[in-house]
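Asker: The file below is structure-v1.csv, CSV, C-alpha atoms and all ligand atoms:
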chain,number,residue,atom,x,y,z
A,17,MET,CA,130.8,174.7,-81.6
A,18,SER,CA,130.6,170.9,-81.0
A,19,ASN,CA,129.5,168.5,-83.7
A,20,ALA,CA,126.2,167.9,-81.9
A,21,GLU,CA,125.2,171.6,-82.1
A,22,ARG,CA,126.2,172.1,-85.7
A,23,VAL,CA,123.4,171.6,-88.3
A,24,GLU,CA,124.6,170.4,-91.7
A,25,LYS,CA,122.5,171.4,-94.7
A,26,ILE,CA,122.7,167.8,-96.1
A,27,ALA,CA,124.1,164.5,-95.0
A,28,ILE,CA,124.6,161.7,-97.4
A,29,ILE,CA,124.9,158.1,-96.2
A,30,GLY,CA,126.7,155.8,-98.5
A,31,SER,CA,129.7,155.8,-100.8
A,32,GLY,CA,128.8,154.0,-104.0
A,33,PRO,CA,128.0,155.8,-107.2
A,34,ALA,CA,124.7,157.0,-105.8
A,35,GLY,CA,126.3,158.6,-102.7
A,36,TRP,CA,129.2,160.2,-104.6
A,37,SER,CA,127.0,161.5,-107.3
A,38,ALA,CA,124.6,163.0,-104.8
A,39,ALA,CA,127.7,164.6,-103.1
A,40,ILE,CA,129.0,166.1,-106.3
A,41,TYR,CA,125.7,167.7,-107.1
A,42,ALA,CA,125.1,168.8,-103.5
A,43,SER,CA,128.6,170.4,-103.3
A,44,ARG,CA,128.1,172.2,-106.5
A,45,ALA,CA,124.8,173.5,-105.2
A,46,ALA,CA,126.8,175.0,-102.2
A,47,LEU,CA,125.1,172.6,-99.7
A,48,ALA,CA,128.5,171.6,-98.2
A,49,PRO,CA,127.5,167.9,-97.9
A,50,VAL,CA,128.9,165.6,-95.3
A,51,VAL,CA,129.3,162.0,-96.6
A,52,PHE,CA,129.3,159.0,-94.3
A,53,GLU,CA,131.3,156.6,-96.4
A,54,GLY,CA,131.3,153.7,-93.9
A,55,ALA,CA,134.0,152.1,-91.9
A,56,LEU,CA,136.7,149.6,-92.9
A,57,THR,CA,135.9,147.1,-90.2
A,58,ALA,CA,136.3,143.3,-90.1
A,59,GLU,CA,132.6,143.0,-89.4
A,60,ASN,CA,131.7,145.0,-92.6
A,61,GLN,CA,134.2,142.9,-94.5
A,62,GLU,CA,132.5,139.8,-93.3
A,63,SER,CA,129.0,141.0,-94.3
A,64,GLY,CA,130.2,142.5,-97.6
A,65,ALA,CA,129.1,146.0,-96.7
A,66,LEU,CA,132.4,147.8,-97.1
A,67,PRO,CA,133.0,151.5,-97.9
A,68,MET,CA,132.8,152.3,-101.6
A,69,GLY,CA,130.1,149.7,-102.2
A,70,GLN,CA,129.6,146.8,-104.5
A,71,LEU,CA,131.5,148.2,-107.4
A,72,THR,CA,134.8,147.5,-105.6
A,73,THR,CA,134.1,143.8,-106.1
A,74,THR,CA,134.3,144.1,-109.9
A,75,LEU,CA,137.6,144.1,-111.6
A,76,GLU,CA,136.4,145.4,-114.9
A,77,ILE,CA,133.6,147.9,-115.6
A,78,GLU,CA,132.9,147.8,-119.3
A,79,ASN,CA,129.5,149.4,-119.4
A,80,TYR,CA,129.9,152.7,-117.5
A,81,PRO,CA,129.8,155.4,-120.2
A,82,GLY,CA,133.0,157.5,-120.6
A,83,PHE,CA,135.5,154.8,-119.8
A,84,PRO,CA,136.6,152.9,-122.9
A,85,VAL,CA,139.6,150.6,-122.7
A,86,GLY,CA,142.8,152.6,-122.4
A,87,ASP,CA,146.1,153.2,-120.6
A,88,LEU,CA,144.7,154.5,-117.3
A,89,SER,CA,147.8,154.9,-115.2
A,90,GLY,CA,148.7,158.5,-115.8
A,91,TYR,CA,145.1,159.7,-115.4
A,92,LEU,CA,144.5,157.7,-112.2
A,93,SER,CA,147.7,158.7,-110.5
A,94,SER,CA,147.2,162.4,-111.4
A,95,ALA,CA,143.5,162.5,-110.5
A,96,LEU,CA,143.7,160.6,-107.2
A,97,ASP,CA,145.5,161.3,-104.0
A,98,ALA,CA,148.6,159.1,-103.6
A,99,THR,CA,147.1,158.0,-100.3
A,100,ARG,CA,144.2,156.4,-102.1
A,101,LEU,CA,146.1,154.4,-104.7
A,102,TRP,CA,146.4,151.4,-102.4
A,103,ALA,CA,142.7,150.7,-103.1
A,104,LEU,CA,143.3,150.0,-106.8
A,105,PRO,CA,144.1,146.7,-108.4
A,106,GLU,CA,147.7,146.6,-109.7
A,107,GLY,CA,146.8,146.6,-113.4
A,108,ASP,CA,145.1,150.0,-113.2
A,109,LEU,CA,148.4,151.7,-112.6
A,110,SER,CA,150.6,149.8,-115.0
A,111,SER,CA,151.6,152.3,-117.7
A,112,GLY,CA,151.7,151.2,-121.4
A,113,VAL,CA,148.9,148.7,-120.8
A,114,ALA,CA,145.4,149.3,-122.2
A,115,LYS,CA,142.8,147.9,-119.8
A,116,ILE,CA,139.3,148.3,-118.7
A,117,ILE,CA,138.8,150.4,-115.6
A,118,SER,CA,138.2,148.5,-112.4
A,119,GLY,CA,135.2,149.2,-110.1
A,120,SER,CA,137.5,150.4,-107.4
A,121,ALA,CA,139.2,153.0,-109.6
A,122,LEU,CA,135.8,154.2,-110.9
A,123,VAL,CA,134.4,154.8,-107.5
A,124,GLU,CA,137.7,156.3,-106.2
A,125,LEU,CA,137.4,158.9,-109.1
A,126,MET,CA,133.9,159.7,-108.0
A,127,ARG,CA,135.0,160.1,-104.4
A,128,ARG,CA,137.8,162.4,-105.5
A,129,GLN,CA,135.5,164.5,-107.6
A,130,ALA,CA,133.1,165.0,-104.7
A,131,GLU,CA,136.0,166.0,-102.4
A,132,ASN,CA,137.3,168.4,-105.1
A,133,PHE,CA,134.0,170.3,-104.9
A,134,GLY,CA,134.2,170.4,-101.1
A,135,ALA,CA,132.3,167.4,-99.8
A,136,ARG,CA,133.4,166.4,-96.3
A,137,VAL,CA,134.0,162.7,-95.9
A,138,VAL,CA,133.5,160.8,-92.6
A,139,SER,CA,134.8,157.3,-92.6
A,140,GLU,CA,132.2,155.9,-90.2
A,141,ASP,CA,129.0,154.0,-90.5
A,142,VAL,CA,125.7,155.6,-89.5
A,143,VAL,CA,124.4,153.2,-86.9
A,144,GLU,CA,121.2,155.0,-85.8
A,145,VAL,CA,118.9,157.7,-87.2
A,146,ASP,CA,116.2,159.9,-85.8
A,147,PHE,CA,114.0,161.1,-88.6
A,148,SER,CA,111.1,162.1,-86.3
A,149,SER,CA,111.7,165.8,-86.6
A,150,ARG,CA,114.1,168.2,-88.4
A,151,PRO,CA,116.9,168.7,-88.0
A,152,PHE,CA,117.4,164.9,-88.5
A,153,ARG,CA,119.8,163.2,-86.1
A,154,LEU,CA,122.4,160.7,-87.2
A,155,THR,CA,124.6,158.7,-84.8
A,156,ASP,CA,127.8,157.2,-86.3
A,157,SER,CA,129.9,154.2,-85.3
A,158,ASN,CA,132.3,156.6,-83.5
A,159,GLY,CA,129.4,157.6,-81.2
A,160,ASP,CA,129.3,161.1,-82.7
A,161,THR,CA,126.0,162.8,-83.5
A,162,THR,CA,125.4,164.8,-86.7
A,163,LEU,CA,122.3,167.0,-87.2
A,164,ALA,CA,121.2,167.6,-90.8
A,165,SER,CA,118.5,169.6,-92.4
A,166,ALA,CA,118.1,167.0,-95.2
A,167,VAL,CA,119.5,163.5,-95.7
A,168,VAL,CA,120.1,161.2,-98.7
A,169,VAL,CA,120.2,157.5,-97.9
A,170,ALA,CA,122.3,155.7,-100.6
A,171,THR,CA,123.6,152.7,-98.7
A,172,GLY,CA,123.3,150.2,-101.5
A,173,ALA,CA,122.8,146.5,-101.1
A,174,THR,CA,124.8,143.5,-100.2
A,175,THR,CA,125.1,140.5,-102.5
A,176,LYS,CA,124.0,137.2,-101.0
A,177,TRP,CA,126.7,134.6,-101.6
A,178,LEU,CA,126.4,130.8,-101.2
A,179,GLY,CA,129.1,130.9,-98.5
A,180,LEU,CA,131.4,128.3,-99.9
A,181,ASP,CA,135.2,128.7,-99.4
A,182,SER,CA,135.7,127.8,-103.1
A,183,GLU,CA,133.2,130.5,-104.1
A,184,SER,CA,135.3,133.1,-102.3
A,185,ARG,CA,138.5,131.8,-103.8
A,186,PHE,CA,137.3,132.3,-107.4
A,187,LYS,CA,135.5,135.6,-107.0
A,188,ASN,CA,136.7,137.8,-109.9
A,189,ASN,CA,138.2,134.7,-111.4
A,190,GLY,CA,135.1,133.1,-112.8
A,191,VAL,CA,132.7,133.7,-109.9
A,192,SER,CA,130.5,136.7,-110.2
A,193,ALA,CA,127.3,138.2,-108.8
A,194,CYS,CA,126.6,140.4,-111.8
A,195,ALA,CA,126.1,138.8,-115.2
A,196,VAL,CA,125.5,142.2,-116.9
A,197,CYS,CA,128.8,143.5,-115.5
A,198,ASP,CA,131.0,140.4,-116.2
A,199,GLY,CA,129.1,138.1,-118.6
A,200,ALA,CA,130.7,139.5,-121.8
A,201,SER,CA,134.2,138.7,-120.6
A,202,PRO,CA,136.3,136.5,-123.0
A,203,ARG,CA,136.6,133.9,-120.3
A,204,PHE,CA,133.0,132.9,-120.7
A,205,ARG,CA,132.7,133.2,-124.5
A,206,ASP,CA,131.7,129.9,-126.2
A,207,ARG,CA,132.0,128.0,-122.9
A,208,ALA,CA,129.4,126.7,-120.5
A,209,VAL,CA,128.5,128.7,-117.4
A,210,VAL,CA,126.3,128.1,-114.4
A,211,VAL,CA,123.7,130.4,-112.8
A,212,VAL,CA,122.5,129.6,-109.4
A,213,GLY,CA,119.0,130.8,-108.2
A,214,GLY,CA,115.4,130.7,-109.4
A,215,GLY,CA,114.2,134.3,-109.2
A,216,ASP,CA,113.9,137.0,-111.9
A,217,VAL,CA,117.5,137.9,-111.7
A,218,ALA,CA,118.7,134.3,-112.2
A,219,ILE,CA,116.5,133.8,-115.2
A,220,GLU,CA,117.4,137.2,-116.7
A,221,ASP,CA,121.1,136.5,-116.1
A,222,ALA,CA,120.7,133.1,-117.9
A,223,GLU,CA,119.1,134.7,-120.9
A,224,TYR,CA,121.8,137.4,-121.0
A,225,LEU,CA,124.6,134.9,-120.6
A,226,SER,CA,123.2,132.7,-123.4
A,227,LYS,CA,124.3,135.4,-125.9
A,228,PHE,CA,128.0,134.7,-125.1
A,229,ALA,CA,128.2,131.2,-123.5
A,230,SER,CA,127.8,128.0,-125.4
A,231,LYS,CA,125.5,126.7,-122.6
A,232,VAL,CA,123.9,128.0,-119.5
A,233,TYR,CA,123.0,125.7,-116.6
A,234,VAL,CA,120.5,127.1,-114.2
A,235,VAL,CA,120.9,125.4,-110.9
A,236,HIS,CA,117.9,125.8,-108.6
A,237,ARG,CA,117.2,124.2,-105.2
A,238,ARG,CA,113.6,123.4,-106.0
A,239,ASP,CA,111.7,122.2,-109.1
A,240,GLU,CA,109.7,125.4,-109.5
A,241,LEU,CA,111.0,128.8,-110.3
A,242,ARG,CA,110.1,131.9,-108.5
A,243,ALA,CA,110.7,134.1,-111.6
A,244,ALA,CA,108.0,135.8,-113.6
A,245,LYS,CA,106.1,133.6,-116.0
A,246,ILE,CA,107.2,135.5,-119.1
A,247,LEU,CA,110.8,135.1,-118.2
A,248,ILE,CA,110.4,131.4,-117.5
A,249,GLU,CA,108.6,130.9,-120.9
A,250,ARG,CA,111.4,132.6,-122.8
A,251,ALA,CA,114.1,130.8,-120.9
A,252,THR,CA,112.4,127.4,-121.5
A,253,ARG,CA,112.4,128.1,-125.2
A,254,ASN,CA,116.1,129.0,-125.2
A,255,PRO,CA,118.0,126.0,-126.5
A,256,LYS,CA,121.2,127.1,-124.7
A,257,ILE,CA,119.6,127.1,-121.2
A,258,GLU,CA,119.4,123.8,-119.3
A,259,PHE,CA,117.7,123.6,-115.8
A,260,VAL,CA,119.3,121.6,-113.1
A,261,TRP,CA,116.4,121.1,-110.7
A,262,ASN,CA,116.4,120.3,-107.0
A,263,SER,CA,120.1,120.9,-106.9
A,264,VAL,CA,122.6,122.9,-104.8
A,265,VAL,CA,126.1,124.0,-105.6
A,266,VAL,CA,128.5,122.4,-103.2
A,267,GLU,CA,131.9,123.3,-104.7
A,268,VAL,CA,133.6,125.4,-107.3
A,269,LEU,CA,136.5,123.7,-109.1
A,270,GLY,CA,139.5,125.3,-110.8
A,271,ASP,CA,142.9,126.7,-110.3
A,272,ASP,CA,144.3,130.2,-109.7
A,273,ALA,CA,145.8,130.4,-113.2
A,274,SER,CA,142.7,129.5,-115.3
A,275,GLY,CA,139.9,130.3,-112.8
A,276,VAL,CA,136.7,128.3,-112.6
A,277,GLN,CA,136.8,125.0,-114.5
A,278,GLY,CA,133.7,123.2,-113.1
A,279,ILE,CA,130.9,123.3,-110.6
A,280,VAL,CA,129.9,120.4,-108.3
A,281,VAL,CA,126.2,120.2,-107.6
A,282,ALA,CA,124.4,117.9,-105.3
A,283,ASP,CA,120.7,116.8,-104.9
A,284,ALA,CA,119.2,119.4,-102.6
A,285,ARG,CA,117.0,116.7,-101.0
A,286,ALA,CA,120.0,114.4,-100.2
A,287,PRO,CA,123.2,116.5,-100.5
A,288,GLU,CA,125.5,113.7,-99.4
A,289,SER,CA,124.3,111.1,-101.8
A,290,ASP,CA,124.2,112.4,-105.4
A,291,VAL,CA,127.0,114.6,-106.6
A,292,ARG,CA,127.5,115.7,-110.2
A,293,ARG,CA,130.1,117.8,-112.0
A,294,LEU,CA,129.2,120.4,-114.5
A,295,ASP,CA,132.0,121.6,-116.8
A,296,ALA,CA,131.8,125.4,-116.7
A,297,SER,CA,134.0,128.4,-116.9
A,298,GLY,CA,131.9,130.5,-114.6
A,299,LEU,CA,129.4,130.6,-111.7
A,300,PHE,CA,126.9,133.5,-111.5
A,301,VAL,CA,125.3,133.7,-108.1
A,302,ALA,CA,121.8,135.2,-108.3
A,303,ILE,CA,120.2,134.2,-105.0
A,304,GLY,CA,119.1,137.7,-104.0
A,305,ARG,CA,120.6,140.7,-102.3
A,306,ARG,CA,120.0,142.5,-99.1
A,307,PRO,CA,119.3,146.2,-99.2
A,308,ASN,CA,121.4,147.9,-96.5
A,309,VAL,CA,118.6,149.2,-94.4
A,310,GLY,CA,119.3,147.7,-91.0
A,311,PHE,CA,120.6,150.9,-89.5
A,312,LEU,CA,117.3,152.6,-90.2
A,313,HIS,CA,115.5,150.5,-87.6
A,314,GLY,CA,112.1,151.1,-89.4
A,315,ALA,CA,112.5,154.9,-89.7
A,316,LEU,CA,111.6,154.8,-93.4
A,317,ALA,CA,108.9,152.7,-95.1
A,318,LEU,CA,110.1,149.8,-97.2
A,319,THR,CA,108.6,147.9,-100.1
A,320,GLU,CA,107.7,144.2,-100.2
A,321,ASP,CA,111.1,143.6,-101.8
A,322,GLY,CA,112.7,145.2,-98.7
A,323,VAL,CA,114.1,148.3,-100.5
A,324,ILE,CA,113.3,151.9,-99.4
A,325,LYS,CA,109.8,152.9,-100.6
A,326,ARG,CA,109.6,155.8,-102.9
A,327,PRO,CA,106.0,157.0,-102.7
A,328,ILE,CA,106.3,158.7,-106.1
A,329,PRO,CA,107.8,156.0,-108.5
A,330,PHE,CA,111.3,156.8,-109.7
A,331,ARG,CA,111.5,160.0,-107.7
A,332,SER,CA,113.9,160.2,-104.7
A,333,GLU,CA,111.5,161.2,-102.0
A,334,THR,CA,110.9,158.7,-99.1
A,335,SER,CA,108.1,158.3,-96.6
A,336,VAL,CA,109.8,161.1,-94.5
A,337,PRO,CA,109.8,164.6,-96.1
A,338,GLY,CA,113.4,165.9,-96.2
A,339,VAL,CA,114.9,162.4,-96.4
A,340,PHE,CA,115.8,161.3,-99.9
A,341,THR,CA,117.1,158.0,-101.4
A,342,ALA,CA,119.1,156.8,-104.3
A,343,GLY,CA,120.8,153.7,-105.7
A,344,ASP,CA,120.3,150.1,-105.0
A,345,VAL,CA,119.0,150.6,-101.5
A,346,CYS,CA,115.7,151.8,-103.2
A,347,ASP,CA,116.0,149.9,-106.5
A,348,SER,CA,115.6,146.2,-106.8
A,349,ARG,CA,115.2,146.4,-110.6
A,350,TYR,CA,118.1,147.9,-112.4
A,351,ARG,CA,121.1,147.4,-110.1
A,352,GLN,CA,123.6,149.2,-112.3
A,353,ALA,CA,126.2,151.8,-111.4
A,354,ILE,CA,125.1,154.2,-114.1
A,355,VAL,CA,121.5,154.0,-112.8
A,356,ALA,CA,122.6,154.5,-109.2
A,357,ALA,CA,124.8,157.5,-110.2
A,358,SER,CA,122.0,159.2,-112.0
A,359,SER,CA,119.5,158.6,-109.1
A,360,GLY,CA,122.1,160.2,-106.8
A,361,ALA,CA,122.1,163.3,-108.9
A,362,CYS,CA,118.3,163.3,-108.8
A,363,ALA,CA,118.3,163.0,-105.0
A,364,ALA,CA,120.6,165.9,-104.6
A,365,LEU,CA,118.5,168.1,-106.9
A,366,ASP,CA,115.3,167.1,-105.0
A,367,ALA,CA,117.1,167.8,-101.7
A,368,GLU,CA,118.2,171.2,-102.9
A,369,ARG,CA,114.7,172.1,-103.9
A,370,PHE,CA,113.3,170.9,-100.6
A,371,LEU,CA,115.8,173.0,-98.7
A,372,LEU,CA,114.9,176.1,-100.6
A,373,GLU,CA,111.2,175.5,-99.9
A,374,ASN,CA,111.7,174.3,-96.3
A,375,PRO,CA,114.6,176.4,-94.9
A,376,LEU,CA,116.0,175.5,-91.5
A,377,GLU,CA,118.7,177.5,-89.8
A,378,THR,CA,122.0,175.7,-90.5
A,379,SER,CA,125.5,176.4,-89.4
A,380,ARG,CA,127.2,176.2,-92.9
A,401,LIG,P1,114.6,136.5,-105.3
A,401,LIG,O1,113.3,136.8,-106.1
A,401,LIG,O2,114.6,136.6,-103.8
A,401,LIG,O3,115.1,135.0,-105.7
A,401,LIG,C1,116.2,134.5,-105.1
A,401,LIG,C2,116.3,133.0,-105.7
A,401,LIG,O4,117.5,132.5,-105.1
A,401,LIG,C3,115.1,132.1,-105.3
A,401,LIG,O5,114.8,131.3,-106.3
A,401,LIG,C4,115.7,131.3,-104.1
A,401,LIG,O6,115.2,130.0,-104.0
A,401,LIG,C5,117.2,131.2,-104.4
A,401,LIG,N1,118.0,131.2,-103.2
A,401,LIG,C6,118.0,132.0,-102.2
A,401,LIG,N2,118.9,131.7,-101.3
A,401,LIG,C7,119.5,130.6,-101.8
A,401,LIG,C8,120.6,129.7,-101.4
A,401,LIG,N3,121.2,130.0,-100.2
A,401,LIG,N4,121.0,128.7,-102.2
A,401,LIG,C9,120.4,128.5,-103.4
A,401,LIG,N5,119.3,129.2,-103.8
A,401,LIG,C10,118.9,130.2,-103.1
A,401,LIG,O7,115.8,137.5,-105.8
A,401,LIG,P2,116.2,138.2,-107.2
A,401,LIG,O8,116.0,137.2,-108.3
A,401,LIG,O9,117.5,138.8,-106.9
A,401,LIG,O10,115.1,139.3,-107.3
A,401,LIG,C11,115.0,140.4,-106.3
A,401,LIG,C12,113.8,141.2,-106.5
A,401,LIG,O11,114.0,142.0,-107.7
A,401,LIG,C13,112.6,140.4,-106.8
A,401,LIG,O12,111.5,141.0,-106.2
A,401,LIG,C14,112.4,140.5,-108.3
A,401,LIG,O13,111.1,140.3,-108.7
A,401,LIG,C15,112.9,141.8,-108.6
A,401,LIG,N6,113.4,141.9,-110.0
A,401,LIG,C16,112.6,142.2,-111.0
A,401,LIG,C17,113.0,142.2,-112.3
A,401,LIG,C18,112.1,142.5,-113.4
A,401,LIG,O14,110.9,142.9,-113.1
A,401,LIG,N7,112.4,142.4,-114.6
A,401,LIG,C19,114.3,141.9,-112.6
A,401,LIG,C20,115.2,141.6,-111.6
A,401,LIG,C21,114.7,141.6,-110.3
A,401,LIG,P3,113.6,129.7,-103.6
A,401,LIG,O15,112.8,130.1,-104.8
A,401,LIG,O16,113.6,128.3,-103.3
A,401,LIG,O17,113.4,130.6,-102.4
As structure tokens - that is how I would like this structure written.
Ligand code: NAP

Answerer:
Amino acid sequence: MSNAERVEKIAIIGSGPAGWSAAIYASRAALAPVVFEGALTAENQESGALPMGQLTTTLEIENYPGFPVGDLSGYLSSALDATRLWALPEGDLSSGVAKIISGSALVELMRRQAENFGARVVSEDVVEVDFSSRPFRLTDSNGDTTLASAVVVATGATTKWLGLDSESRFKNNGVSACAVCDGASPRFRDRAVVVVGGGDVAIEDAEYLSKFASKVYVVHRRDELRAAKILIERATRNPKIEFVWNSVVVEVLGDDASGVQGIVVADARAPESDVRRLDASGLFVAIGRRPNVGFLHGALALTEDGVIKRPIPFRSETSVPGVFTAGDVCDSRYRQAIVAASSGACAALDAERFLLENPLETSR
């Protein structure tokens, strides 16, 4: 039977915590899921939409329950296939060293767990979908078509970066896009940090970082914030937060050994003329994120924020019966691995129930 004729019970698109958690639950419900984990291409690298998602960009995950600091090497090398160890940062596999688990290791463990229960992994992107009738039709980057009786879309979101060379150089060495993930690191404690952006995330990040940092500069390109009034009022009262208005970040200063040491900002209205250095040990970029919905070409309804619309709040159903969603592609609020993982489980449970109530002849 060719791929085009076979009808999968469930296809899962995405390979972050939401996708793997959906796959673990779907496998254990005997739905034999196929997971499209994405392709490792230069184009995806450039856009930041790589397989295994945003977690892979964080070296230390301190807030995912179940992973306290410890010597991980024996566990990781016994749980994971030798062929996958290349994806882990060196420190994860050093024995005798207690460390915090990396995002890459955490998501690799999730992938392994899903495979252990029988999930089939396809290392391609889904580039086109047809959700007009069941079985749903997915076309992947290899040109193959997959038919599926139910689908979970868990393609995550892509961080928007400023696009500076110095920003890329210091990623994971003082430059971060997740204050909640990285803010408590010793490198920022009792030192100044910079947040760039003027939306809810930037102001919440500033408030959060003020617990650890000695000072938080919020650099915004205008003189008016986009964030909610209540957040602005709180931040304005916080003595550690200082706003740097009408300003843009033009360079991140530092060296490879110590990481970020300073941030150069310029007047947004005359970037060439007025340049100022802020001493800081970190730059937190909070200028928005793009949910990865391009491949849907309008097949699912979206919210005003651009995430997939969930007609019943906090449930996994989408505008198309039989298509479910989980993780950051449908959540602009929480943006945490643990929340994505739990929503993936919900999506698989909802899909399982849907398939029971709406059977379709499948080949597996
Ligand atoms: P956002 O609301 O789109 O704000 C992005 C901010 O970054 C804006 O202030 C924007 O400036 C600035 N910006 C964009 N591109 C820039 C660039 N290249 N250089 C410098 N600055 C740039 O994004 P967000 O804060 O990530 O929030 C995303 C969504 O989640 C929003 O709808 C938000 O309400 C929601 N959210 C809600 C909560 C909550 O309810 N507690 C918490 C978090 C997020 P301009 O203002 O000049 O455009």

Asker: Please determine the residues with any atom at most 7 Å from (114.4, 145.0, -105.7) (coordinates as given in the file, with all atoms listed in the file counting) and report them as an NGL selection string.

Answerer: :A and (321 or 323 or 347-349)

Asker: Could you list, as a ChimeraX atom specification, all protein and nucleic acid residues with an atom at most 6 Å from ligand LIG 401 (chain A), counting only C-alpha atoms and all ligand atoms?

Answerer: /A:178,213-218,237-238,241-242,302-305,321,348-349

Asker: Kindly save the residues from that selection, with C-alpha atoms included, as an mmCIF file, in the coordinates of the input.

Answerer:
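Saved as again26.cif:
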data_model
loop_
_atom_site.group_PDB
_atom_site.id
_atom_site.type_symbol
_atom_site.label_atom_id
_atom_site.label_comp_id
_atom_site.auth_asym_id
_atom_site.auth_seq_id
_atom_site.Cartn_x
_atom_site.Cartn_y
_atom_site.Cartn_z
ATOM 1 C CA LEU A 178 126.400 130.800 -101.200
ATOM 2 C CA GLY A 213 119.000 130.800 -108.200
ATOM 3 C CA GLY A 214 115.400 130.700 -109.400
ATOM 4 C CA GLY A 215 114.200 134.300 -109.200
ATOM 5 C CA ASP A 216 113.900 137.000 -111.900
ATOM 6 C CA VAL A 217 117.500 137.900 -111.700
ATOM 7 C CA ALA A 218 118.700 134.300 -112.200
ATOM 8 C CA ARG A 237 117.200 124.200 -105.200
ATOM 9 C CA ARG A 238 113.600 123.400 -106.000
ATOM 10 C CA LEU A 241 111.000 128.800 -110.300
ATOM 11 C CA ARG A 242 110.100 131.900 -108.500
ATOM 12 C CA ALA A 302 121.800 135.200 -108.300
ATOM 13 C CA ILE A 303 120.200 134.200 -105.000
ATOM 14 C CA GLY A 304 119.100 137.700 -104.000
ATOM 15 C CA ARG A 305 120.600 140.700 -102.300
ATOM 16 C CA ASP A 321 111.100 143.600 -101.800
ATOM 17 C CA SER A 348 115.600 146.200 -106.800
ATOM 18 C CA ARG A 349 115.200 146.400 -110.600
#

Asker: In Å, with one decimal, what is the gap from atom CA of A:Leu376 to atom CA of A:Gly35?

Answerer: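 Straight-line distance from atom CA of A:Leu376 to atom CA of A:Gly35 works out to 22.7 Å.
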
Asker: Which is closest to A:Leu122 among A:Leu269, A:Ala95, A:Ile40, A:Leu71, if we use all atoms listed in the file?

Answerer: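 Checking each candidate against A:Leu122, we get A:Leu71 as the closest.
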
Asker: A:Asn79: which residues within 12 Å, counting only C-alpha atoms, same-chain residues fewer than 5 positions away excluded, as an MDAnalysis selection string?

Answerer: chainID A and resid 74 84:85 116:119 122 195:201 352:355

Asker: Please save C-alpha atoms of the selected residues as a compact mmCIF listing (two decimals), in the coordinates of the input.

Answerer:
# COMPACT_ATOMS: atom_id res chain seq x y z
CA THR A 74 134.30 144.10 -109.90
CA PRO A 84 136.60 152.90 -122.90
CA VAL A 85 139.60 150.60 -122.70
CA ILE A 116 139.30 148.30 -118.70
CA ILE A 117 138.80 150.40 -115.60
CA SER A 118 138.20 148.50 -112.40
CA GLY A 119 135.20 149.20 -110.10
CA LEU A 122 135.80 154.20 -110.90
CA ALA A 195 126.10 138.80 -115.20
CA VAL A 196 125.50 142.20 -116.90
CA CYS A 197 128.80 143.50 -115.50
CA ASP A 198 131.00 140.40 -116.20
CA GLY A 199 129.10 138.10 -118.60
CA ALA A 200 130.70 139.50 -121.80
CA SER A 201 134.20 138.70 -120.60
CA GLN A 352 123.60 149.20 -112.30
CA ALA A 353 126.20 151.80 -111.40
CA ILE A 354 125.10 154.20 -114.10
CA VAL A 355 121.50 154.00 -112.80

Asker: With distances taken over only C-alpha atoms, which residue among A:Glu267, A:Glu59, A:Asp272, A:Glu223 lies nearest A:Arg250?

Answerer: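 Nearest candidate to A:Arg250 out of A:Glu267, A:Glu59, A:Asp272, A:Glu223: A:Glu223.
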
Asker: Between A:Gly54, A:Cys194, A:Asp108, A:Ala38, which one has atoms that come closest to A:Arg351, using only C-alpha atoms?

Answerer: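 The shortest atom-to-atom distance to A:Arg351 comes from A:Cys194.
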
Asker: Of the candidates A:Ala121, A:Ala363, A:Ala251, A:Val167, which shows the shortest atom-to-atom distance to A:Leu101, using all atoms listed in the file?

Answerer: A:Ala121

Asker: Pick the closest to A:Asn262 from A:Val235, A:Val301, A:Val168, A:Leu318: which is it, counting only C-alpha atoms?

Answerer: A:Val235

Asker: Would you work out the distance separating atom CA of A:Arg306 from atom CA of A:Asn60, expressed in Å to one decimal?

Answerer: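 These atoms are spaced 13.6 Å apart.
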
Asker: Excluding A:Lys187 and its own-chain neighbours fewer than 6 positions away, which residues fall within 10 Å of it when counting only C-alpha atoms? Please give them as JSON, numbers by chain.

Answerer: {"A": [73, 74, 75, 193, 275, 276, 298, 299, 300]}

Asker: Those residues you just picked out, can you put them in a file as a PDB file, in the coordinates of the input with C-alpha atoms?

Answerer:
ATOM      1  CA  THR A  73     134.100 143.800-106.100  1.00  0.00           C
ATOM      2  CA  THR A  74     134.300 144.100-109.900  1.00  0.00           C
ATOM      3  CA  LEU A  75     137.600 144.100-111.600  1.00  0.00           C
ATOM      4  CA  ALA A 193     127.300 138.200-108.800  1.00  0.00           C
ATOM      5  CA  GLY A 275     139.900 130.300-112.800  1.00  0.00           C
ATOM      6  CA  VAL A 276     136.700 128.300-112.600  1.00  0.00           C
ATOM      7  CA  GLY A 298     131.900 130.500-114.600  1.00  0.00           C
ATOM      8  CA  LEU A 299     129.400 130.600-111.700  1.00  0.00           C
ATOM      9  CA  PHE A 300     126.900 133.500-111.500  1.00  0.00           C
TER      10      PHE A 300
END

Asker: Do you know which residues are at most 10 Å from A:Ser149 counting only C-alpha atoms, after dropping those on the same chain fewer than 3 positions away, and could you put them as an mmCIF file with C-alpha atoms, in the frame of the given file?

Answerer:
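And here's result-v5.cif as it stands now:
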data_model
loop_
_atom_site.group_PDB
_atom_site.id
_atom_site.type_symbol
_atom_site.label_atom_id
_atom_site.label_comp_id
_atom_site.auth_asym_id
_atom_site.auth_seq_id
_atom_site.Cartn_x
_atom_site.Cartn_y
_atom_site.Cartn_z
ATOM 1 C CA ASP A 146 116.200 159.900 -85.800
ATOM 2 C CA PHE A 152 117.400 164.900 -88.500
ATOM 3 C CA ARG A 153 119.800 163.200 -86.100
ATOM 4 C CA SER A 165 118.500 169.600 -92.400
ATOM 5 C CA VAL A 336 109.800 161.100 -94.500
ATOM 6 C CA PRO A 337 109.800 164.600 -96.100
ATOM 7 C CA GLY A 338 113.400 165.900 -96.200
#
